[in-house]
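Student: File target.txt below, compact mmCIF, C-alpha atoms:
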# COMPACT_ATOMS: atom_id res chain seq x y z
CA MET Q 1 -23.77 -10.73 -34.07
CA LYS Q 2 -23.88 -8.28 -36.95
CA LYS Q 3 -22.25 -5.11 -35.65
CA ILE Q 4 -19.78 -5.30 -32.79
CA LEU Q 5 -18.08 -2.74 -30.53
CA VAL Q 6 -14.86 -3.90 -28.86
CA THR Q 7 -13.40 -2.07 -25.85
CA GLY Q 8 -9.71 -2.51 -25.09
CA ALA Q 9 -9.15 -3.10 -28.79
CA LEU Q 10 -5.39 -2.47 -28.57
CA GLY Q 11 -4.83 -4.93 -25.74
CA GLN Q 12 -3.55 -8.50 -25.75
CA ILE Q 13 -6.84 -10.06 -26.83
CA GLY Q 14 -8.45 -7.07 -28.54
CA SER Q 15 -5.64 -6.40 -31.00
CA GLU Q 16 -6.15 -9.83 -32.55
CA LEU Q 17 -9.88 -10.21 -31.93
CA VAL Q 18 -10.76 -7.08 -33.92
CA ASP Q 19 -8.92 -8.42 -36.98
CA LYS Q 20 -10.56 -11.83 -36.62
CA LEU Q 21 -14.04 -10.33 -36.27
CA ARG Q 22 -13.50 -8.09 -39.30
CA GLU Q 23 -12.54 -11.11 -41.38
CA ILE Q 24 -15.82 -12.80 -40.45
CA TYR Q 25 -18.36 -9.97 -40.14
CA GLY Q 26 -16.83 -7.29 -42.39
CA SER Q 27 -14.45 -4.44 -41.60
CA SER Q 28 -17.13 -1.76 -41.30
CA ASN Q 29 -19.13 -3.88 -38.82
CA VAL Q 30 -16.46 -4.04 -36.09
CA ILE Q 31 -15.74 -0.85 -34.15
CA GLY Q 32 -12.50 -0.90 -32.21
CA THR Q 33 -12.22 1.38 -29.18
CA ASP Q 34 -9.44 2.09 -26.71
CA ILE Q 35 -8.18 4.87 -24.48
CA ARG Q 36 -5.39 5.55 -26.97
CA LYS Q 37 -5.07 5.27 -30.73
CA LYS Q 38 -2.60 3.68 -33.09
CA GLU Q 39 -2.92 4.70 -36.71
CA GLU Q 40 -2.68 1.14 -37.99
CA ALA Q 41 -5.63 0.15 -35.78
CA ALA Q 42 -7.92 2.38 -37.80
CA GLU Q 43 -6.67 1.36 -41.23
CA GLU Q 44 -8.97 -1.63 -41.72
CA GLY Q 45 -12.15 -0.34 -40.09
CA PRO Q 46 -13.73 2.16 -37.70
CA PHE Q 47 -11.87 3.09 -34.51
CA GLU Q 48 -12.83 5.48 -31.73
CA ILE Q 49 -10.96 6.74 -28.66
CA VAL Q 50 -13.17 5.77 -25.72
CA ASP Q 51 -12.41 5.73 -21.99
CA VAL Q 52 -14.65 3.01 -20.53
CA MET Q 53 -14.84 5.03 -17.34
CA ASP Q 54 -16.95 7.51 -19.31
CA GLY Q 55 -20.21 5.61 -19.60
CA LYS Q 56 -22.01 8.38 -21.47
CA HIS Q 57 -19.40 8.49 -24.21
CA LEU Q 58 -19.38 4.70 -24.51
CA ASN Q 59 -23.16 4.80 -24.86
CA SER Q 60 -23.06 7.50 -27.52
CA VAL Q 61 -20.49 5.60 -29.62
CA ALA Q 62 -22.55 2.42 -29.39
CA LYS Q 63 -25.63 4.37 -30.52
CA GLU Q 64 -23.78 6.17 -33.31
CA TYR Q 65 -22.64 2.91 -34.88
CA GLN Q 66 -25.90 1.07 -34.10
CA VAL Q 67 -24.09 -1.94 -32.72
CA ASP Q 68 -25.86 -5.07 -31.52
CA THR Q 69 -22.96 -6.51 -29.50
CA ILE Q 70 -20.38 -5.25 -27.00
CA MET Q 71 -17.21 -7.23 -26.32
CA HIS Q 72 -15.76 -5.61 -23.22
CA LEU Q 73 -12.03 -6.34 -22.89
CA ALA Q 74 -10.66 -3.17 -21.28
CA ALA Q 75 -8.98 -4.12 -17.98
CA LEU Q 76 -5.86 -3.93 -15.84
CA LEU Q 77 -4.23 -7.38 -15.69
CA SER Q 78 -3.12 -9.44 -12.69
CA ALA Q 79 0.43 -8.29 -11.91
CA LYS Q 80 -0.30 -4.62 -12.62
CA ALA Q 81 -3.49 -4.84 -10.58
CA GLU Q 82 -1.47 -5.93 -7.53
CA SER Q 83 0.78 -2.90 -7.94
CA PHE Q 84 -2.17 -0.52 -8.33
CA PRO Q 85 -5.16 -2.19 -6.58
CA ARG Q 86 -7.37 0.90 -6.32
CA VAL Q 87 -6.79 1.78 -9.96
CA ALA Q 88 -7.60 -1.82 -10.88
CA TRP Q 89 -10.86 -1.75 -8.94
CA ASP Q 90 -11.95 1.54 -10.49
CA LEU Q 91 -11.11 0.50 -14.04
CA ASN Q 92 -12.06 -3.17 -13.97
CA MET Q 93 -15.34 -2.74 -12.12
CA GLY Q 94 -16.30 0.77 -13.19
CA GLY Q 95 -15.64 0.02 -16.85
CA LEU Q 96 -17.55 -3.25 -16.65
CA ILE Q 97 -20.69 -1.81 -15.12
CA ASN Q 98 -20.64 1.07 -17.60
CA ALA Q 99 -20.49 -1.40 -20.48
CA LEU Q 100 -23.24 -3.53 -18.95
CA GLU Q 101 -25.43 -0.46 -18.57
CA VAL Q 102 -24.98 0.33 -22.26
CA ALA Q 103 -25.90 -3.25 -23.15
CA LYS Q 104 -28.98 -3.03 -20.94
CA GLU Q 105 -30.19 0.30 -22.36
CA LEU Q 106 -29.57 -0.60 -26.00
CA ASN Q 107 -30.53 -4.29 -25.73
CA LEU Q 108 -27.14 -5.56 -26.86
CA GLN Q 109 -25.48 -8.95 -26.66
CA PHE Q 110 -22.56 -8.77 -24.24
CA PHE Q 111 -19.25 -10.58 -23.77
CA THR Q 112 -16.57 -10.08 -21.14
CA PRO Q 113 -13.80 -12.49 -20.16
CA SER Q 114 -13.09 -13.80 -16.71
CA SER Q 115 -9.90 -15.64 -15.76
CA ILE Q 116 -8.33 -18.44 -13.76
CA GLY Q 117 -7.50 -15.52 -11.48
CA ALA Q 118 -11.08 -15.79 -10.19
CA PHE Q 119 -9.97 -18.85 -8.21
CA GLY Q 120 -7.90 -18.84 -5.04
CA PRO Q 121 -5.72 -21.03 -2.80
CA SER Q 122 -8.73 -22.86 -1.36
CA THR Q 123 -10.06 -23.83 -4.80
CA PRO Q 124 -9.36 -27.47 -5.85
CA LYS Q 125 -6.07 -27.26 -7.77
CA ASP Q 126 -6.42 -30.11 -10.26
CA ASN Q 127 -9.24 -30.43 -12.78
CA THR Q 128 -10.90 -27.42 -11.13
CA PRO Q 129 -14.70 -27.75 -11.48
CA GLN Q 130 -16.88 -25.25 -13.30
CA ASP Q 131 -18.81 -24.52 -10.11
CA THR Q 132 -16.58 -24.49 -7.05
CA LEU Q 133 -15.26 -22.39 -4.17
CA GLN Q 134 -13.87 -19.02 -5.33
CA ARG Q 135 -11.90 -17.05 -2.74
CA PRO Q 136 -9.15 -15.21 -4.68
CA THR Q 137 -6.40 -13.40 -2.79
CA THR Q 138 -5.56 -10.81 -5.46
CA MET Q 139 -7.34 -7.62 -6.51
CA TYR Q 140 -7.54 -8.94 -10.07
CA GLY Q 141 -9.19 -12.11 -8.79
CA VAL Q 142 -11.65 -10.16 -6.66
CA ASN Q 143 -12.52 -8.08 -9.74
CA LYS Q 144 -13.08 -11.19 -11.83
CA VAL Q 145 -15.35 -12.91 -9.29
CA ALA Q 146 -17.34 -9.70 -8.88
CA GLY Q 147 -17.50 -9.39 -12.67
CA GLU Q 148 -18.81 -12.94 -13.09
CA LEU Q 149 -21.55 -12.27 -10.55
CA LEU Q 150 -22.37 -8.89 -12.08
CA ALA Q 151 -22.75 -10.38 -15.57
CA ASP Q 152 -25.01 -13.10 -14.16
CA TYR Q 153 -27.03 -10.42 -12.33
CA TYR Q 154 -27.58 -8.36 -15.49
CA PHE Q 155 -28.79 -11.49 -17.28
CA GLN Q 156 -31.12 -12.59 -14.47
CA ARG Q 157 -32.37 -9.12 -13.46
CA PHE Q 158 -32.43 -7.25 -16.78
CA ASP Q 159 -32.38 -10.07 -19.37
CA VAL Q 160 -29.10 -8.83 -20.91
CA ASP Q 161 -27.64 -11.59 -23.10
CA THR Q 162 -24.34 -11.80 -21.19
CA ARG Q 163 -21.74 -14.46 -21.99
CA GLY Q 164 -18.15 -15.09 -20.95
CA VAL Q 165 -15.28 -17.53 -20.45
CA ARG Q 166 -12.63 -18.01 -17.80
CA TYR Q 167 -9.39 -17.68 -19.71
CA PRO Q 168 -6.21 -19.45 -18.72
CA GLY Q 169 -2.88 -17.80 -19.52
CA LEU Q 170 -2.96 -16.60 -23.12
CA ILE Q 171 0.00 -16.95 -25.47
CA SER Q 172 0.45 -14.89 -28.64
CA TYR Q 173 3.19 -13.69 -30.97
CA VAL Q 174 1.23 -10.57 -32.01
CA ALA Q 175 0.70 -8.33 -28.97
CA PRO Q 176 3.45 -7.78 -26.37
CA PRO Q 177 2.88 -9.02 -22.81
CA GLY Q 178 0.57 -6.74 -20.85
CA GLY Q 179 1.34 -7.24 -17.17
CA GLY Q 180 -0.07 -10.71 -16.61
CA THR Q 181 1.30 -13.45 -14.37
CA THR Q 182 1.61 -15.88 -17.28
CA ASP Q 183 3.54 -13.47 -19.51
CA TYR Q 184 6.66 -15.64 -19.15
CA ALA Q 185 5.02 -18.11 -21.53
CA VAL Q 186 5.19 -15.45 -24.25
CA GLU Q 187 8.58 -13.99 -23.36
CA ILE Q 188 10.26 -17.39 -23.36
CA TYR Q 189 9.74 -17.83 -27.12
CA TYR Q 190 11.17 -14.43 -28.03
CA GLU Q 191 14.22 -15.00 -25.81
CA ALA Q 192 14.69 -18.52 -27.17
CA LEU Q 193 15.07 -17.15 -30.68
CA LYS Q 194 17.06 -14.07 -29.69
CA ASN Q 195 19.40 -15.33 -26.98
CA LYS Q 196 18.91 -19.12 -26.82
CA ALA Q 197 18.18 -18.64 -23.10
CA TYR Q 198 15.49 -17.36 -20.76
CA THR Q 199 15.29 -16.52 -17.06
CA SER Q 200 11.84 -17.36 -15.71
CA TYR Q 201 10.28 -15.31 -12.94
CA ILE Q 202 7.98 -18.28 -12.21
CA ARG Q 203 9.40 -21.21 -10.24
CA GLU Q 204 10.08 -24.64 -11.72
CA GLY Q 205 7.17 -27.02 -11.24
CA THR Q 206 4.53 -24.25 -11.19
CA TYR Q 207 1.74 -25.56 -13.39
CA MET Q 208 -0.86 -23.23 -14.85
CA ASP Q 209 -3.43 -23.59 -17.60
CA MET Q 210 -2.49 -22.00 -20.90
CA MET Q 211 -4.08 -21.42 -24.30
CA TYR Q 212 -2.85 -20.25 -27.70
CA MET Q 213 -4.54 -17.08 -28.93
CA PRO Q 214 -6.20 -18.61 -32.02
CA ASP Q 215 -8.13 -20.96 -29.72
CA ALA Q 216 -8.98 -18.08 -27.39
CA LEU Q 217 -10.44 -16.02 -30.23
CA ASN Q 218 -12.40 -18.92 -31.68
CA ALA Q 219 -13.89 -19.60 -28.25
CA ILE Q 220 -15.34 -16.08 -28.09
CA ILE Q 221 -16.93 -16.32 -31.50
CA GLN Q 222 -18.23 -19.84 -30.93
CA LEU Q 223 -19.78 -18.91 -27.58
CA MET Q 224 -21.38 -15.73 -28.91
CA GLU Q 225 -22.91 -17.62 -31.83
CA ALA Q 226 -24.18 -20.47 -29.62
CA ASP Q 227 -27.87 -21.18 -29.08
CA PRO Q 228 -28.77 -19.31 -25.85
CA ASP Q 229 -31.24 -22.03 -24.86
CA LYS Q 230 -28.34 -24.47 -24.49
CA LEU Q 231 -26.31 -22.24 -22.16
CA THR Q 232 -26.90 -23.36 -18.61
CA HIS Q 233 -24.05 -21.27 -17.21
CA ARG Q 234 -23.83 -18.41 -19.76
CA ASN Q 235 -20.88 -16.70 -18.02
CA ALA Q 236 -17.45 -17.72 -16.80
CA PHE Q 237 -17.09 -21.02 -18.65
CA ASN Q 238 -13.87 -22.84 -17.78
CA ILE Q 239 -11.82 -23.33 -20.96
CA SER Q 240 -8.31 -24.73 -21.31
CA ALA Q 241 -5.89 -26.19 -23.84
CA MET Q 242 -2.86 -27.27 -21.80
CA SER Q 243 -1.45 -27.29 -18.28
CA ALA Q 244 2.26 -26.51 -18.25
CA ALA Q 245 5.17 -25.36 -16.09
CA PRO Q 246 8.21 -23.34 -17.29
CA GLU Q 247 10.29 -26.47 -17.82
CA ASP Q 248 7.59 -27.90 -20.11
CA PHE Q 249 7.91 -24.87 -22.39
CA ALA Q 250 11.69 -25.29 -22.32
CA LYS Q 251 11.48 -28.95 -23.38
CA ALA Q 252 9.08 -28.10 -26.20
CA ILE Q 253 11.40 -25.33 -27.42
CA GLN Q 254 14.48 -27.58 -27.22
CA LYS Q 255 12.96 -29.80 -29.91
CA TYR Q 256 13.59 -26.91 -32.30
CA ILE Q 257 16.43 -25.07 -30.50
CA PRO Q 258 18.45 -27.83 -28.73
CA GLU Q 259 20.86 -25.38 -27.10
CA PHE Q 260 18.08 -23.40 -25.39
CA ALA Q 261 18.74 -22.99 -21.65
CA LEU Q 262 16.22 -22.11 -18.92
CA SER Q 263 17.16 -20.51 -15.60
CA TYR Q 264 15.14 -18.96 -12.78
CA SER Q 265 14.96 -15.68 -10.86
CA ILE Q 266 11.67 -15.72 -9.01
CA ASP Q 267 9.42 -12.66 -8.82
CA PRO Q 268 7.72 -13.10 -5.41
CA ILE Q 269 4.61 -11.13 -6.37
CA ARG Q 270 3.86 -13.04 -9.55
CA GLN Q 271 4.89 -16.35 -7.98
CA LYS Q 272 2.44 -15.79 -5.14
CA ILE Q 273 -0.30 -15.08 -7.67
CA ALA Q 274 0.57 -18.19 -9.68
CA ASP Q 275 0.56 -20.36 -6.55
CA SER Q 276 -3.00 -19.25 -5.80
CA TRP Q 277 -4.31 -20.37 -9.21
CA PRO Q 278 -5.40 -23.84 -10.37
CA ASN Q 279 -3.04 -26.28 -12.04
CA SER Q 280 -5.71 -27.36 -14.53
CA LEU Q 281 -9.35 -26.60 -15.32
CA ASP Q 282 -12.30 -28.87 -16.11
CA SER Q 283 -13.81 -27.58 -19.37
CA THR Q 284 -16.70 -30.05 -19.47
CA ALA Q 285 -19.45 -27.41 -19.23
CA ALA Q 286 -18.07 -25.46 -22.21
CA ILE Q 287 -17.67 -28.66 -24.23
CA GLU Q 288 -21.21 -29.85 -23.50
CA GLU Q 289 -23.06 -26.52 -23.71
CA TRP Q 290 -21.48 -24.95 -26.80
CA GLY Q 291 -18.97 -27.41 -28.22
CA PHE Q 292 -15.70 -25.84 -27.08
CA LYS Q 293 -12.58 -27.53 -28.44
CA ALA Q 294 -8.96 -26.32 -28.44
CA GLU Q 295 -6.93 -27.08 -31.57
CA TYR Q 296 -3.45 -26.33 -30.22
CA ASP Q 297 -1.50 -28.36 -27.65
CA LEU Q 298 1.93 -27.31 -26.34
CA ASP Q 299 3.96 -28.87 -29.16
CA LYS Q 300 1.75 -27.56 -31.99
CA MET Q 301 1.69 -24.10 -30.42
CA THR Q 302 5.47 -24.04 -29.88
CA LYS Q 303 6.16 -24.84 -33.52
CA ASP Q 304 3.79 -22.11 -34.69
CA MET Q 305 5.06 -19.51 -32.16
CA LEU Q 306 8.68 -19.99 -33.17
CA GLU Q 307 7.88 -19.85 -36.88
CA LYS Q 308 5.70 -16.74 -36.57
CA ILE Q 309 8.10 -14.84 -34.29
CA GLU Q 310 11.06 -15.65 -36.54
CA ALA Q 311 9.16 -14.36 -39.57
CA LYS Q 312 8.01 -11.29 -37.64
CA GLU Q 313 11.51 -10.38 -36.46
CA LYS Q 314 13.13 -10.59 -39.89
Is it possible to give me this structure as structure tokens?
Tutor:
Amino acid sequence: MKKILVTGALGQIGSELVDKLREIYGSSNVIGTDIRKKEEAAEEGPFEIVDVMDGKHLNSVAKEYQVDTIMHLAALLSAKAESFPRVAWDLNMGGLINALEVAKELNLQFFTPSSIGAFGPSTPKDNTPQDTLQRPTTMYGVNKVAGELLADYYFQRFDVDTRGVRYPGLISYVAPPGGGTTDYAVEIYYEALKNKAYTSYIREGTYMDMMYMPDALNAIIQLMEADPDKLTHRNAFNISAMSAAPEDFAKAIQKYIPEFALSYSIDPIRQKIADSWPNSLDSTAAIEEWGFKAEYDLDKMTKDMLEKIEAKEK
């Protein structure tokens, strides 16, 4: 990677990934794009307003900046996708195939993330294998499975250098939650510092895989820099750092805020989504094929989240 275009650059992952990439590859070599613009997003490097549904415009921007890599992050997330399934299909699939077409025409390296949402109730729940049954029951999940297959197709049919990971729930102090099922794992830290209490919309005992954003960003860069000859799977690598339920976050927080209290008011839509996802993922393929390793466990992440949010809110 030498010159990189990022779609969805103002989203949960993109807002931090663009900064990380600019640190490594140089500010002028990372082009952030999104459907809207924030002035601060353009302060450190090039930024363009691009609707990924407009494939011609996406192509022209990629040509203008002579990029060699597209990181396609623009998407509607799980909970929002259930509220607007047709919109989710149009954006998540239409945007993806437009980006893949640009990569094919311009011979670009290509990254797009999948998700634990690509699994369903019939998938093995614990230590979910890399290659297993995928029958999701959400529109977001259907999009992700279709996206995994589409990325594989563009590699096999057109020799596009496609790569991707299956993200667990992502936790960050930088970007606000964006309509995902695991957003409680971000909100809980803000509420712990502000109110010493949090009401979870996810039921006690609901385990899901999670990952701290620094590990998520490093995984992208590590995978994209990996030797292609060693990538047996190429797309949709399982990666994980921790499997946790709401009460696990509460216990970790109570080490620093002993009076913190957790209560529950279940959101049936997001609970149903969470129940359909795995409890934990087997990351063996990512470890063996490109050396994936998470640096943050729940305790280390909790300490860092609380410190960073406290500093941010001052």
Student: Would you mind telling me which residue in Q:Asp248, Q:Asp183, Q:Asp152, Q:Glu289 lies nearest to Thr302 of chain Q when using only C-alpha atoms?
Tutor: Q:Asp248
Student: What's the 10 Å shell around Ala192 of chain Q, counting only C-alpha atoms, without same-chain residues fewer than 4 positions away, as a PyMOL selection string?
Tutor: chain Q and resi 187-188+196-198+250+253-254+256-257+259-262+306
Student: Could you work out how far atom CA of Asp215 of chain Q lies from atom CA of Val67 of chain Q, giving the answer in Å with one decimal?
Tutor: 25.0 Å
Student: Please, which residues in segment 178-248 of chain Q fall within 12 Å of segment 104-110 of chain Q when counting all atoms listed in the file, and what is the closest atom pair and distance in Å to one decimal for each, ordered by chain then residue number, as a tab-separated table?
Tutor:
residue	atom	partner	partner_atom	distance
Q:Ile220	CA	Q:Phe110	CA	11.0
Q:Ile221	CA	Q:Phe110	CA	11.9
Q:Leu223	CA	Q:Phe110	CA	11.0
Q:Met224	CA	Q:Gln109	CA	8.2
Q:Glu225	CA	Q:Gln109	CA	10.4
Q:Ala226	CA	Q:Gln109	CA	12.0
Q:Pro228	CA	Q:Gln109	CA	10.9
Q:Arg234	CA	Q:Phe110	CA	10.7
Q:Asn235	CA	Q:Phe110	CA	10.2
Student: Can you tell me which residues surround Ala241 of chain Q at a distance of at most 9 Å, considering all atoms listed in the file, apart from same-chain residues fewer than 2 positions away, and format the answer as an mmCIF file with C-alpha atoms, in the coordinates of the input?
Tutor:
data_model
loop_
_atom_site.group_PDB
_atom_site.id
_atom_site.type_symbol
_atom_site.label_atom_id
_atom_site.label_comp_id
_atom_site.auth_asym_id
_atom_site.auth_seq_id
_atom_site.Cartn_x
_atom_site.Cartn_y
_atom_site.Cartn_z
ATOM 1 C CA PRO Q 168 -6.210 -19.450 -18.720
ATOM 2 C CA ASP Q 209 -3.430 -23.590 -17.600
ATOM 3 C CA MET Q 210 -2.490 -22.000 -20.900
ATOM 4 C CA MET Q 211 -4.080 -21.420 -24.300
ATOM 5 C CA TYR Q 212 -2.850 -20.250 -27.700
ATOM 6 C CA ASP Q 215 -8.130 -20.960 -29.720
ATOM 7 C CA ILE Q 239 -11.820 -23.330 -20.960
ATOM 8 C CA SER Q 243 -1.450 -27.290 -18.280
ATOM 9 C CA LYS Q 293 -12.580 -27.530 -28.440
ATOM 10 C CA ALA Q 294 -8.960 -26.320 -28.440
ATOM 11 C CA GLU Q 295 -6.930 -27.080 -31.570
ATOM 12 C CA TYR Q 296 -3.450 -26.330 -30.220
ATOM 13 C CA ASP Q 297 -1.500 -28.360 -27.650
ATOM 14 C CA LEU Q 298 1.930 -27.310 -26.340
#
Student: Thr182 of chain Q: which residues within 12 Å, counting all atoms listed in the file, same-chain residues fewer than 2 positions away excluded, as a PyMOL selection string?
Tutor: chain Q and resi 77-79+115-117+167-172+177-180+184-188+200-203+206-211+243-246+267+270-271+273-275+277
Student: Let me make sure I understand: among Q:Val160, Q:Leu91, Q:Pro278, Q:Ala9, which one has the smallest atom-to-atom distance to Leu133 of chain Q if we use only C-alpha atoms?
Tutor: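 For Leu133 of chain Q, the nearest of the given residues is Q:Pro278.
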Student: Which residue is closest to Phe249 of chain Q? Choose from Q:Asp68, Q:Tyr189, Q:Thr123, Q:Thr137 and count only C-alpha atoms.
Tutor: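 Of the candidates, the smallest distance to Phe249 of chain Q is held by Q:Tyr189.
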Student: In terms of the shortest atom-to-atom distance over all atoms listed in the file, which of Q:Phe84, Q:Tyr173, Q:Thr199, Q:Gln156 is closest to Ser265 of chain Q?
Tutor: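 Closest to Ser265 of chain Q, using all atoms listed in the file: Q:Thr199.
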Student: Suppose you want the space between atom CA of Met139 of chain Q and atom CA of Leu76 of chain Q; what is it in Å?
Tutor: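 Atom CA of Leu76 of chain Q lies at a distance of 10.1 Å from atom CA of Met139 of chain Q.
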Student: Here is a test: counting all atoms listed in the file, which residue of Q:Glu310, Q:Glu101, Q:Asp282, Q:Glu16 is nearest to Asp54 of chain Q?
Tutor: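 Looking at the shortest contact to Asp54 of chain Q, the residue is Q:Glu101.
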Student: Would you work out the distance separating atom CA of Ala285 of chain Q from atom CA of Ile24 of chain Q, expressed in Å to one decimal?
Tutor: 26.0 Å
Student: Rank Q:Tyr65, Q:Phe237, Q:Tyr25, Q:Phe47 by their smallest atom-to-atom distance to Ser114 of chain Q, using all atoms listed in the file, and report the top residue only.
Tutor: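 For Ser114 of chain Q, the nearest of the candidates is Q:Phe237.
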Student: Around the point (-20.7, 1.3, -21.6) in the file's coordinates, collect all residues with an atom within 6 Å, using only C-alpha atoms, and return them as a ChimeraX atom specification.
Tutor: /Q:55,58-59,98-99,101-102
Student: Which residues are close to Trp89 of chain Q, i.e. within 12 Å by all atoms listed in the file, leaving aside same-chain residues fewer than 5 positions away? Reply as an MDAnalysis selection string.
Tutor: chainID Q and resid 53 75:78 80:84 94:97 138:144 146:147
